[in-house]
>>> print(open('data-v2.txt').read())   # compact mmCIF, N, CA and C atoms
# COMPACT_ATOMS: atom_id res chain seq x y z
N MET K 1110 32.54 16.28 -0.15
CA MET K 1110 31.35 15.92 0.61
C MET K 1110 31.56 14.52 1.19
N LYS K 1111 31.27 14.38 2.47
CA LYS K 1111 31.47 13.09 3.14
C LYS K 1111 30.25 12.20 2.95
N TYR K 1112 30.52 10.90 2.72
CA TYR K 1112 29.43 9.94 2.56
C TYR K 1112 28.53 9.89 3.79
N GLU K 1113 29.13 10.06 4.96
CA GLU K 1113 28.35 9.99 6.19
C GLU K 1113 27.24 11.04 6.22
N ASN K 1114 27.50 12.20 5.64
CA ASN K 1114 26.49 13.27 5.60
C ASN K 1114 25.41 13.01 4.55
N MET K 1115 25.72 12.18 3.56
CA MET K 1115 24.79 11.89 2.46
C MET K 1115 23.94 10.65 2.73
N ALA K 1116 24.44 9.76 3.55
CA ALA K 1116 23.80 8.44 3.73
C ALA K 1116 22.60 8.51 4.66
N ILE K 1117 21.64 7.63 4.38
CA ILE K 1117 20.53 7.43 5.30
C ILE K 1117 20.70 6.05 5.93
N SER K 1118 20.04 5.83 7.05
CA SER K 1118 20.16 4.55 7.74
C SER K 1118 19.24 3.52 7.10
N VAL K 1119 19.48 2.26 7.41
CA VAL K 1119 18.61 1.18 6.94
C VAL K 1119 17.19 1.42 7.44
N SER K 1120 17.04 1.83 8.68
CA SER K 1120 15.70 2.11 9.24
C SER K 1120 15.00 3.23 8.49
N GLN K 1121 15.73 4.27 8.15
CA GLN K 1121 15.14 5.37 7.39
C GLN K 1121 14.66 4.90 6.02
N LEU K 1122 15.46 4.09 5.35
CA LEU K 1122 15.05 3.55 4.05
C LEU K 1122 13.82 2.67 4.18
N ASN K 1123 13.80 1.77 5.17
CA ASN K 1123 12.64 0.90 5.38
C ASN K 1123 11.40 1.71 5.69
N ASN K 1124 11.51 2.72 6.51
CA ASN K 1124 10.35 3.57 6.82
C ASN K 1124 9.85 4.31 5.60
N TYR K 1125 10.76 4.78 4.75
CA TYR K 1125 10.38 5.46 3.52
C TYR K 1125 9.60 4.53 2.60
N ILE K 1126 10.12 3.32 2.41
CA ILE K 1126 9.45 2.34 1.54
C ILE K 1126 8.10 1.94 2.14
N LYS K 1127 8.05 1.73 3.45
CA LYS K 1127 6.79 1.38 4.11
C LYS K 1127 5.74 2.46 3.89
N GLU K 1128 6.13 3.73 4.02
CA GLU K 1128 5.20 4.84 3.78
C GLU K 1128 4.69 4.85 2.35
N LYS K 1129 5.56 4.54 1.40
CA LYS K 1129 5.14 4.50 -0.01
C LYS K 1129 4.05 3.44 -0.21
N PHE K 1130 4.24 2.26 0.37
CA PHE K 1130 3.24 1.20 0.25
C PHE K 1130 1.95 1.56 0.97
N GLU K 1131 2.05 2.17 2.14
CA GLU K 1131 0.86 2.49 2.92
C GLU K 1131 0.05 3.64 2.33
N ASN K 1132 0.68 4.53 1.58
CA ASN K 1132 0.01 5.73 1.09
C ASN K 1132 -0.27 5.71 -0.40
N ASP K 1133 -0.08 4.58 -1.05
CA ASP K 1133 -0.32 4.47 -2.48
C ASP K 1133 -1.41 3.42 -2.70
N GLU K 1134 -2.59 3.85 -3.15
CA GLU K 1134 -3.71 2.92 -3.33
C GLU K 1134 -3.38 1.80 -4.29
N TYR K 1135 -2.59 2.09 -5.31
CA TYR K 1135 -2.21 1.06 -6.28
C TYR K 1135 -1.36 -0.02 -5.62
N LEU K 1136 -0.36 0.39 -4.86
CA LEU K 1136 0.53 -0.58 -4.20
C LEU K 1136 -0.16 -1.30 -3.05
N GLU K 1137 -1.15 -0.66 -2.45
CA GLU K 1137 -1.85 -1.24 -1.31
C GLU K 1137 -2.58 -2.52 -1.70
N ASN K 1138 -3.09 -2.59 -2.91
CA ASN K 1138 -3.89 -3.73 -3.34
C ASN K 1138 -3.31 -4.40 -4.58
N ILE K 1139 -2.01 -4.48 -4.66
CA ILE K 1139 -1.35 -4.97 -5.87
C ILE K 1139 -1.39 -6.50 -5.98
N LEU K 1140 -1.57 -6.97 -7.20
CA LEU K 1140 -1.55 -8.39 -7.53
C LEU K 1140 -0.50 -8.55 -8.62
N VAL K 1141 0.51 -9.38 -8.37
CA VAL K 1141 1.62 -9.54 -9.30
C VAL K 1141 1.64 -10.97 -9.82
N LYS K 1142 1.87 -11.13 -11.14
CA LYS K 1142 1.98 -12.47 -11.71
C LYS K 1142 3.41 -12.69 -12.16
N GLY K 1143 3.86 -13.93 -12.04
CA GLY K 1143 5.21 -14.26 -12.46
C GLY K 1143 5.51 -15.73 -12.28
N GLU K 1144 6.75 -16.07 -12.52
CA GLU K 1144 7.22 -17.45 -12.42
C GLU K 1144 8.20 -17.56 -11.26
N ILE K 1145 8.05 -18.60 -10.47
CA ILE K 1145 8.94 -18.85 -9.34
C ILE K 1145 10.24 -19.46 -9.85
N SER K 1146 11.36 -18.95 -9.32
CA SER K 1146 12.65 -19.58 -9.57
C SER K 1146 13.48 -19.48 -8.29
N ASN K 1147 14.52 -20.28 -8.22
CA ASN K 1147 15.43 -20.30 -7.06
C ASN K 1147 14.70 -20.53 -5.74
N PHE K 1148 13.67 -21.37 -5.76
CA PHE K 1148 12.85 -21.62 -4.56
C PHE K 1148 13.66 -22.36 -3.50
N LYS K 1149 13.57 -21.87 -2.26
CA LYS K 1149 14.21 -22.53 -1.13
C LYS K 1149 13.22 -22.56 0.04
N ASN K 1150 12.92 -23.76 0.50
CA ASN K 1150 12.06 -23.94 1.67
C ASN K 1150 12.99 -24.07 2.87
N HIS K 1151 13.19 -22.99 3.59
CA HIS K 1151 14.17 -22.93 4.67
C HIS K 1151 13.69 -23.71 5.89
N TYR K 1152 14.64 -24.24 6.66
CA TYR K 1152 14.29 -25.04 7.84
C TYR K 1152 13.50 -24.25 8.88
N THR K 1153 13.55 -22.91 8.84
CA THR K 1153 12.80 -22.08 9.78
C THR K 1153 11.31 -22.03 9.43
N GLY K 1154 10.98 -22.49 8.21
CA GLY K 1154 9.59 -22.43 7.75
C GLY K 1154 9.36 -21.30 6.76
N HIS K 1155 10.31 -20.36 6.66
CA HIS K 1155 10.20 -19.29 5.67
C HIS K 1155 10.50 -19.86 4.29
N MET K 1156 9.95 -19.24 3.26
CA MET K 1156 10.20 -19.65 1.88
C MET K 1156 10.83 -18.48 1.15
N TYR K 1157 11.94 -18.76 0.48
CA TYR K 1157 12.66 -17.75 -0.29
C TYR K 1157 12.58 -18.12 -1.76
N PHE K 1158 12.35 -17.13 -2.62
CA PHE K 1158 12.26 -17.40 -4.05
C PHE K 1158 12.40 -16.10 -4.83
N THR K 1159 12.59 -16.26 -6.13
CA THR K 1159 12.61 -15.13 -7.04
C THR K 1159 11.33 -15.22 -7.87
N LEU K 1160 10.67 -14.09 -8.04
CA LEU K 1160 9.50 -14.00 -8.92
C LEU K 1160 9.98 -13.26 -10.17
N LYS K 1161 9.81 -13.89 -11.34
CA LYS K 1161 10.37 -13.29 -12.55
C LYS K 1161 9.39 -13.33 -13.70
N ASP K 1162 9.66 -12.47 -14.68
CA ASP K 1162 9.00 -12.54 -15.98
C ASP K 1162 10.11 -12.48 -17.03
N GLU K 1163 9.77 -12.17 -18.26
CA GLU K 1163 10.76 -12.19 -19.34
C GLU K 1163 11.84 -11.13 -19.16
N ASN K 1164 11.55 -10.05 -18.44
CA ASN K 1164 12.47 -8.91 -18.40
C ASN K 1164 12.99 -8.53 -17.02
N SER K 1165 12.35 -8.98 -15.96
CA SER K 1165 12.72 -8.51 -14.62
C SER K 1165 12.52 -9.60 -13.58
N LEU K 1166 13.04 -9.31 -12.37
CA LEU K 1166 12.84 -10.23 -11.25
C LEU K 1166 12.74 -9.46 -9.95
N ILE K 1167 12.11 -10.11 -8.97
CA ILE K 1167 11.97 -9.58 -7.62
C ILE K 1167 12.34 -10.69 -6.66
N LYS K 1168 13.21 -10.42 -5.72
CA LYS K 1168 13.54 -11.39 -4.69
C LYS K 1168 12.44 -11.32 -3.63
N CYS K 1169 11.96 -12.49 -3.20
CA CYS K 1169 10.80 -12.54 -2.30
C CYS K 1169 11.07 -13.46 -1.10
N ILE K 1170 10.32 -13.19 -0.05
CA ILE K 1170 10.28 -14.07 1.11
C ILE K 1170 8.83 -14.22 1.53
N MET K 1171 8.45 -15.45 1.86
CA MET K 1171 7.15 -15.71 2.45
C MET K 1171 7.43 -16.21 3.87
N PHE K 1172 6.98 -15.46 4.85
CA PHE K 1172 7.24 -15.83 6.22
C PHE K 1172 6.44 -17.06 6.63
N LYS K 1173 6.94 -17.75 7.62
CA LYS K 1173 6.40 -19.03 8.07
C LYS K 1173 4.90 -19.01 8.27
N GLY K 1174 4.37 -17.98 8.92
CA GLY K 1174 2.93 -17.90 9.19
C GLY K 1174 2.08 -17.94 7.94
N TYR K 1175 2.56 -17.31 6.87
CA TYR K 1175 1.84 -17.33 5.59
C TYR K 1175 2.09 -18.64 4.86
N ALA K 1176 3.33 -19.12 4.92
CA ALA K 1176 3.68 -20.37 4.24
C ALA K 1176 2.85 -21.54 4.77
N GLN K 1177 2.54 -21.55 6.05
CA GLN K 1177 1.75 -22.63 6.65
C GLN K 1177 0.32 -22.66 6.12
N ARG K 1178 -0.16 -21.55 5.58
CA ARG K 1178 -1.52 -21.48 5.05
C ARG K 1178 -1.65 -21.97 3.61
N LEU K 1179 -0.51 -22.19 2.95
CA LEU K 1179 -0.56 -22.65 1.55
C LEU K 1179 -1.13 -24.05 1.46
N ASP K 1180 -1.89 -24.31 0.40
CA ASP K 1180 -2.40 -25.66 0.17
C ASP K 1180 -1.63 -26.34 -0.96
N PHE K 1181 -0.43 -25.83 -1.27
CA PHE K 1181 0.44 -26.42 -2.27
C PHE K 1181 1.89 -26.08 -1.90
N MET K 1182 2.84 -26.81 -2.46
CA MET K 1182 4.25 -26.50 -2.25
C MET K 1182 4.78 -25.81 -3.50
N PRO K 1183 5.24 -24.57 -3.37
CA PRO K 1183 5.80 -23.87 -4.53
C PRO K 1183 7.00 -24.63 -5.11
N LYS K 1184 7.18 -24.49 -6.43
CA LYS K 1184 8.29 -25.14 -7.13
C LYS K 1184 8.82 -24.21 -8.20
N ASP K 1185 10.09 -24.38 -8.54
CA ASP K 1185 10.67 -23.63 -9.65
C ASP K 1185 9.86 -23.86 -10.91
N GLY K 1186 9.63 -22.80 -11.67
CA GLY K 1186 8.89 -22.89 -12.92
C GLY K 1186 7.39 -22.70 -12.77
N MET K 1187 6.89 -22.70 -11.53
CA MET K 1187 5.45 -22.55 -11.29
C MET K 1187 5.02 -21.11 -11.57
N LYS K 1188 3.95 -20.96 -12.32
CA LYS K 1188 3.36 -19.64 -12.59
C LYS K 1188 2.38 -19.33 -11.45
N VAL K 1189 2.54 -18.16 -10.84
CA VAL K 1189 1.74 -17.81 -9.68
C VAL K 1189 1.25 -16.37 -9.74
N PHE K 1190 0.26 -16.08 -8.92
CA PHE K 1190 -0.18 -14.72 -8.63
C PHE K 1190 0.17 -14.45 -7.18
N ILE K 1191 0.77 -13.32 -6.92
CA ILE K 1191 1.17 -12.93 -5.57
C ILE K 1191 0.33 -11.73 -5.16
N VAL K 1192 -0.30 -11.83 -4.00
CA VAL K 1192 -1.13 -10.75 -3.46
C VAL K 1192 -0.40 -10.13 -2.28
N ARG K 1193 -0.33 -8.83 -2.28
CA ARG K 1193 0.22 -8.13 -1.11
C ARG K 1193 -0.89 -8.00 -0.08
N GLU K 1194 -0.73 -8.72 1.00
CA GLU K 1194 -1.71 -8.63 2.08
C GLU K 1194 -1.34 -7.45 2.96
N CYS K 1195 -2.31 -6.60 3.25
CA CYS K 1195 -2.05 -5.43 4.07
C CYS K 1195 -1.76 -5.84 5.50
N LEU K 1196 -0.66 -5.34 6.02
CA LEU K 1196 -0.22 -5.70 7.37
C LEU K 1196 0.07 -4.43 8.15
N SER K 1197 -0.03 -4.52 9.44
CA SER K 1197 0.47 -3.46 10.30
C SER K 1197 1.88 -3.85 10.70
N LEU K 1198 2.86 -3.10 10.24
CA LEU K 1198 4.26 -3.43 10.52
C LEU K 1198 4.78 -2.67 11.69
>>> encode(input="data-v2.txt", output="structure tokens")
Amino acid sequence: MKYENMAISVSQLNNYIKEKFENDEYLENILVKGEISNFKNHYTGHMYFTLKDENSLIKCIMFKGYAQRLDFMPKDGMKVFIVRECLSL
């Protein structure tokens, strides 16, 4: 079996994940708590960081438009709550 016949495109994967978030009431209004690590405030205005707990981690990005609305500067070790804001993508 050829890998080309088995593989999906990046766009297909992104669309699949997007549909999961849009059609799942739990994921639509999710609030996640964790600790920031590996924080990077990029020159473009985007913020990159890892959100972790004792057992797992999620790599995250906060785009410039959202980062500009913060009233604090994130730092490594900071305990935070992250809200998924519903967007039209």
>>> residues_around(input="data-v2.txt", residues="segment 1131-1138 of chain K", least_positions_apart="2", cutoff="8 Å", atoms="only N, CA and C atoms", output="list in words")
Tyr1125, Ile1126, Lys1127, Glu1128, Lys1129, Leu1140, Val1141, Val1192, Arg1193, Glu1194 and Cys1195 of chain K
>>> closest_residue(input="data-v2.txt", among="K:Lys1111, K:Arg1178, K:Lys1142, K:Lys1184", to="Leu1160 of chain K", atoms="all atoms listed in the file")
K:Lys1142
>>> select_by_dssp(input="data-v2.txt", residues="chain K", states="alpha helix (DSSP H)", output="PyMOL selection string")
chain K and resi 1112-1115+1119-1131+1134-1137+1173-1176
>>> atom_distance(input="data-v2.txt", atom1="atom CA of Phe1172 of chain K", atom2="atom CA of Asn1150 of chain K")
10.5 Å
>>> atom_distance(input="data-v2.txt", atom1="atom CA of Phe1190 of chain K", atom2="atom N of Gly1143 of chain K")
5.3 Å
>>> atom_distance(input="data-v2.txt", atom1="atom N of Gln1177 of chain K", atom2="atom C of Phe1158 of chain K")
15.7 Å
>>> build_atoms(input="data-v2.txt", residues="segment 1115-1126 of chain K", atoms="all heavy atoms", output="mmCIF file, keeping the file's coordinate frame")
data_model
loop_
_atom_site.group_PDB
_atom_site.id
_atom_site.type_symbol
_atom_site.label_atom_id
_atom_site.label_comp_id
_atom_site.auth_asym_id
_atom_site.auth_seq_id
_atom_site.Cartn_x
_atom_site.Cartn_y
_atom_site.Cartn_z
ATOM 1 N N MET K 1115 25.720 12.180 3.560
ATOM 2 C CA MET K 1115 24.790 11.890 2.460
ATOM 3 C C MET K 1115 23.940 10.650 2.730
ATOM 4 O O MET K 1115 22.857 10.517 2.189
ATOM 5 C CB MET K 1115 25.570 11.668 1.165
ATOM 6 C CG MET K 1115 26.336 12.875 0.702
ATOM 7 S SD MET K 1115 27.507 12.533 -0.631
ATOM 8 C CE MET K 1115 26.599 11.487 -1.713
ATOM 9 N N ALA K 1116 24.440 9.760 3.550
ATOM 10 C CA ALA K 1116 23.800 8.440 3.730
ATOM 11 C C ALA K 1116 22.600 8.510 4.660
ATOM 12 O O ALA K 1116 22.535 9.330 5.574
ATOM 13 C CB ALA K 1116 24.825 7.457 4.291
ATOM 14 N N ILE K 1117 21.640 7.630 4.380
ATOM 15 C CA ILE K 1117 20.530 7.430 5.300
ATOM 16 C C ILE K 1117 20.700 6.050 5.930
ATOM 17 O O ILE K 1117 21.405 5.189 5.405
ATOM 18 C CB ILE K 1117 19.157 7.534 4.591
ATOM 19 C CG1 ILE K 1117 18.990 6.442 3.528
ATOM 20 C CG2 ILE K 1117 18.972 8.914 3.999
ATOM 21 C CD1 ILE K 1117 17.596 6.372 2.933
ATOM 22 N N SER K 1118 20.040 5.830 7.050
ATOM 23 C CA SER K 1118 20.160 4.550 7.740
ATOM 24 C C SER K 1118 19.240 3.520 7.100
ATOM 25 O O SER K 1118 18.323 3.862 6.335
ATOM 26 C CB SER K 1118 19.794 4.713 9.218
ATOM 27 O OG SER K 1118 18.404 4.952 9.351
ATOM 28 N N VAL K 1119 19.480 2.260 7.410
ATOM 29 C CA VAL K 1119 18.610 1.180 6.940
ATOM 30 C C VAL K 1119 17.190 1.420 7.440
ATOM 31 O O VAL K 1119 16.219 1.257 6.696
ATOM 32 C CB VAL K 1119 19.145 -0.191 7.416
ATOM 33 C CG1 VAL K 1119 18.170 -1.303 7.082
ATOM 34 C CG2 VAL K 1119 20.523 -0.468 6.809
ATOM 35 N N SER K 1120 17.040 1.830 8.680
ATOM 36 C CA SER K 1120 15.700 2.110 9.240
ATOM 37 C C SER K 1120 15.000 3.230 8.490
ATOM 38 O O SER K 1120 13.807 3.153 8.224
ATOM 39 C CB SER K 1120 15.811 2.472 10.721
ATOM 40 O OG SER K 1120 16.261 1.374 11.468
ATOM 41 N N GLN K 1121 15.730 4.270 8.150
ATOM 42 C CA GLN K 1121 15.140 5.370 7.390
ATOM 43 C C GLN K 1121 14.660 4.900 6.020
ATOM 44 O O GLN K 1121 13.572 5.283 5.576
ATOM 45 C CB GLN K 1121 16.137 6.520 7.242
ATOM 46 C CG GLN K 1121 16.392 7.275 8.523
ATOM 47 C CD GLN K 1121 17.540 8.251 8.386
ATOM 48 O OE1 GLN K 1121 18.593 7.912 7.855
ATOM 49 N NE2 GLN K 1121 17.330 9.472 8.866
ATOM 50 N N LEU K 1122 15.460 4.090 5.350
ATOM 51 C CA LEU K 1122 15.050 3.550 4.050
ATOM 52 C C LEU K 1122 13.820 2.670 4.180
ATOM 53 O O LEU K 1122 12.866 2.794 3.411
ATOM 54 C CB LEU K 1122 16.201 2.766 3.415
ATOM 55 C CG LEU K 1122 15.886 2.119 2.063
ATOM 56 C CD1 LEU K 1122 15.466 3.167 1.035
ATOM 57 C CD2 LEU K 1122 17.071 1.320 1.575
ATOM 58 N N ASN K 1123 13.800 1.770 5.170
ATOM 59 C CA ASN K 1123 12.640 0.900 5.380
ATOM 60 C C ASN K 1123 11.400 1.710 5.690
ATOM 61 O O ASN K 1123 10.311 1.405 5.183
ATOM 62 C CB ASN K 1123 12.910 -0.109 6.501
ATOM 63 C CG ASN K 1123 13.694 -1.298 6.016
ATOM 64 O OD1 ASN K 1123 13.693 -1.627 4.836
ATOM 65 N ND2 ASN K 1123 14.374 -1.957 6.933
ATOM 66 N N ASN K 1124 11.510 2.720 6.510
ATOM 67 C CA ASN K 1124 10.350 3.570 6.820
ATOM 68 C C ASN K 1124 9.850 4.310 5.600
ATOM 69 O O ASN K 1124 8.645 4.442 5.386
ATOM 70 C CB ASN K 1124 10.701 4.565 7.939
ATOM 71 C CG ASN K 1124 10.789 3.905 9.285
ATOM 72 O OD1 ASN K 1124 10.153 2.879 9.544
ATOM 73 N ND2 ASN K 1124 11.605 4.466 10.166
ATOM 74 N N TYR K 1125 10.760 4.780 4.750
ATOM 75 C CA TYR K 1125 10.380 5.460 3.520
ATOM 76 C C TYR K 1125 9.600 4.530 2.600
ATOM 77 O O TYR K 1125 8.538 4.872 2.085
ATOM 78 C CB TYR K 1125 11.628 5.997 2.815
ATOM 79 C CG TYR K 1125 11.332 6.677 1.510
ATOM 80 C CD1 TYR K 1125 10.883 8.000 1.468
ATOM 81 C CD2 TYR K 1125 11.493 6.003 0.302
ATOM 82 C CE1 TYR K 1125 10.600 8.623 0.268
ATOM 83 C CE2 TYR K 1125 11.217 6.623 -0.901
ATOM 84 C CZ TYR K 1125 10.765 7.929 -0.916
ATOM 85 O OH TYR K 1125 10.475 8.539 -2.115
ATOM 86 N N ILE K 1126 10.120 3.320 2.410
ATOM 87 C CA ILE K 1126 9.450 2.340 1.540
ATOM 88 C C ILE K 1126 8.100 1.940 2.140
ATOM 89 O O ILE K 1126 7.102 1.844 1.419
ATOM 90 C CB ILE K 1126 10.359 1.103 1.331
ATOM 91 C CG1 ILE K 1126 11.591 1.512 0.508
ATOM 92 C CG2 ILE K 1126 9.594 -0.032 0.661
ATOM 93 C CD1 ILE K 1126 12.687 0.476 0.468
#
